[in-house]
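Student: First, the structure itself, so that you have it in front of you.
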Amino acid sequence: MLPQSHIAYTVAAADLLKNRVPALKKMDYRLLALAATGPDLIDKPLAALYFYRRYKSAVLFAHTLLAHLAVLLLVLWKRPQWWLYALAFNGHALLDRLWFFHDTWYWPFRGWRFHTWGKRGSEQVDIKLAYWYAFTRRPELWGWELGGLLAGLWFVWRNRLYRWERLRRLLLTGRVD
C-alpha cells in the first residue's frame with residue numbers, strides 16, 4: 001500500500017472514533033500520520049542503504065510481528081498516553097495484510113531471510129522505484145488505493161480542510177477542531 005493510503009485510512013478511522021473515545025480529542029493528526037507510515041519510514045531507507053542487496057525486499061524489520069509487539073509493549077510500558085500512535089503503527093501491518101507473508105511477519109522465527117512476497121511485481125530491480133513497481137505491476141492494490149483516496153477525501157470534506165484557515169490549523173497544530 002502507498003503511504004498516503006496508510007495515512008488516509010488511519011486518520012479517517014481516528015476521526016470517526018474521536019467522539020466516542022474521549023482520549024482521541026487530544027490526538028495530533030501529524031503524529032498519527034507519522035506513526036501510520038512508521039514501518040515504511042524505517043524499512044525503506046534501510047533497504048535503500050544496505051539490506052536491499054541482501055534481501056531484494058523493502059519490507060524488513062519494522063514489518064515483523066516482533067517489531068510491532070515491541071513498539072506496542074514499549075509504548076504501553078513507558079508512554080501509555082501514546083497508545084493511539086502505537087495502534088496506528090500496528091495498523092500499518094493490518095493494512096499491508098502482513099500475516100499472509102509468513103517469512104516476513106514471523107521473522108526471525110521462520111529463518112533469517114526476508115520473503116520478497118513472491119507476488120508478480122514485488123521483485124525490485126531498483127529500490128528507488130519500489131512503490132512505482134508495486135503499483136504498476138500489482139493491479140490488486142488499486143482497489144485499496146482507491147479506498148485510501150476516498151477515505152482521504154472524506155476526511156478533508158468532513159473537517160472542511162478545503163478552507164485554508166482550517167488546513168493551516170491542521171498543519172500547524174495537528175488538530176482539526
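By convention in this document, the chains of the C-alpha cells carry letters A, B, ... by their order, each chain's residues are numbered from 1, and ligands are numbered from 1 in the order they are shown.
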Name all residues at most 8 Å from Thr37 in chain A (count only C-alpha atoms; drop same-chain ones fewer than 3 positions away) and give them as a tab-separated table (two decimals) with C-alpha atoms, in the first residue's frame.
Tutor:
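The resulting file, around.tsv, is reproduced below:
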chain	number	residue	atom	x	y	z
A	3	PRO	CA	1.97	5.88	2.14
A	6	HIS	CA	-1.91	4.28	5.16
A	7	ILE	CA	-2.35	7.86	6.36
A	33	ALA	CA	0.27	10.15	10.08
A	34	LEU	CA	3.91	9.56	11.01
A	40	ASP	CA	7.91	2.18	5.84
A	41	LEU	CA	9.82	5.17	7.23
A	89	PHE	CA	1.96	1.92	13.84
A	92	HIS	CA	0.19	-0.49	9.18
Student: Could you pull out the alpha helix (DSSP H) residues of range 37-97 of chain A from DSSP and send them as a ChimeraX atom specification?
Tutor: /A:38-46,52-55,65-78,83-96
Student: Would you save the residues from that selection as a PDB file, in the first residue's frame, using C-alpha atoms?
Tutor:
ATOM      1  CA  GLY A  38       6.325   4.264  10.611  1.00  0.00           C
ATOM      2  CA  PRO A  39       7.266   0.794   9.332  1.00  0.00           C
ATOM      3  CA  ASP A  40       7.909   2.180   5.842  1.00  0.00           C
ATOM      4  CA  LEU A  41       9.824   5.167   7.229  1.00  0.00           C
ATOM      5  CA  ILE A  42      12.136   2.673   8.936  1.00  0.00           C
ATOM      6  CA  ASP A  43      12.421  -0.119   6.368  1.00  0.00           C
ATOM      7  CA  LYS A  44      12.587   1.753   3.068  1.00  0.00           C
ATOM      8  CA  PRO A  45      15.718   3.768   3.984  1.00  0.00           C
ATOM      9  CA  LEU A  46      17.331   0.634   5.488  1.00  0.00           C
ATOM     10  CA  TYR A  52      18.197  -4.448  -0.285  1.00  0.00           C
ATOM     11  CA  ARG A  53      21.267  -6.131  -1.760  1.00  0.00           C
ATOM     12  CA  ARG A  54      20.873  -8.964   0.750  1.00  0.00           C
ATOM     13  CA  TYR A  55      17.119  -9.488   0.732  1.00  0.00           C
ATOM     14  CA  LEU A  65       5.386  -9.240  14.354  1.00  0.00           C
ATOM     15  CA  LEU A  66       8.375  -8.854  16.670  1.00  0.00           C
ATOM     16  CA  ALA A  67       8.736  -5.141  15.848  1.00  0.00           C
ATOM     17  CA  HIS A  68       5.008  -4.464  16.174  1.00  0.00           C
ATOM     18  CA  LEU A  69       4.806  -6.211  19.540  1.00  0.00           C
ATOM     19  CA  ALA A  70       7.944  -4.394  20.717  1.00  0.00           C
ATOM     20  CA  VAL A  71       6.510  -0.989  19.775  1.00  0.00           C
ATOM     21  CA  LEU A  72       3.188  -1.767  21.431  1.00  0.00           C
ATOM     22  CA  LEU A  73       4.742  -3.088  24.646  1.00  0.00           C
ATOM     23  CA  LEU A  74       7.312  -0.305  24.874  1.00  0.00           C
ATOM     24  CA  VAL A  75       4.670   2.383  24.431  1.00  0.00           C
ATOM     25  CA  LEU A  76       2.286   0.799  26.928  1.00  0.00           C
ATOM     26  CA  TRP A  77       5.121   0.442  29.438  1.00  0.00           C
ATOM     27  CA  LYS A  78       6.923   3.782  29.027  1.00  0.00           C
ATOM     28  CA  TRP A  83      -1.299   4.244  22.825  1.00  0.00           C
ATOM     29  CA  LEU A  84      -3.051   5.724  19.802  1.00  0.00           C
ATOM     30  CA  TYR A  85       0.232   6.199  17.938  1.00  0.00           C
ATOM     31  CA  ALA A  86       1.299   2.624  18.739  1.00  0.00           C
ATOM     32  CA  LEU A  87      -2.067   1.479  17.419  1.00  0.00           C
ATOM     33  CA  ALA A  88      -1.514   3.487  14.218  1.00  0.00           C
ATOM     34  CA  PHE A  89       1.956   1.917  13.839  1.00  0.00           C
ATOM     35  CA  ASN A  90       0.392  -1.529  14.265  1.00  0.00           C
ATOM     36  CA  GLY A  91      -2.437  -0.620  11.916  1.00  0.00           C
ATOM     37  CA  HIS A  92       0.195  -0.494   9.184  1.00  0.00           C
ATOM     38  CA  ALA A  93       0.538  -4.284   9.496  1.00  0.00           C
ATOM     39  CA  LEU A  94      -3.225  -4.668   9.230  1.00  0.00           C
ATOM     40  CA  LEU A  95      -3.429  -2.547   6.076  1.00  0.00           C
ATOM     41  CA  ASP A  96      -0.455  -4.345   4.496  1.00  0.00           C
TER      42      ASP A  96
END
Student: For CA of Arg166 in chain A and CA of Lys18 in chain A, determine how far apart the two atoms are, in Å to one decimal place.
Tutor: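 Separation between CA of Arg166 in chain A and CA of Lys18 in chain A: 17.7 Å.
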Student: Report, in Å to a single decimal, how far apart CA of Ala48 in chain A and CA of Leu32 in chain A are.
Tutor: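 Distance between the two atoms: 24.6 Å.
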Student: Do you know which residues are at most 12 Å from Trp154 in chain A counting only C-alpha atoms, after dropping those on the same chain fewer than 4 positions away, and could you put them as a VMD selection string?
Tutor: chain A and resid 8 to 9 11 to 13 15 to 16 147 to 150 158 to 162
Student: When you draw a straight line from CA of Ala14 in chain A to CA of His102 in chain A, how long is it in Å?
Tutor: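 These atoms are spaced 28.6 Å apart.
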Student: Write out as a ChimeraX atom specification each polymer residue whose atoms come within 12 Å of Leu141 in chain A, counting only C-alpha atoms; drop sequence neighbours fewer than 3 positions from it.
Tutor: /A:1-2,5,95-97,119,121-122,131-138,144-148
Student: I need the residue nearest Leu60 in chain A from this list: A:Arg168, A:Glu140, A:Thr104, A:Ala151. Use only C-alpha atoms for the distance.
Tutor: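 Ranked by minimum distance to Leu60 in chain A, first place goes to A:Thr104.
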Student: My list of candidates is A:Leu24, A:Leu129, A:Arg169, A:Val176. Which is closest to Val156 in chain A when distances are computed with only C-alpha atoms?
Tutor: A:Val176
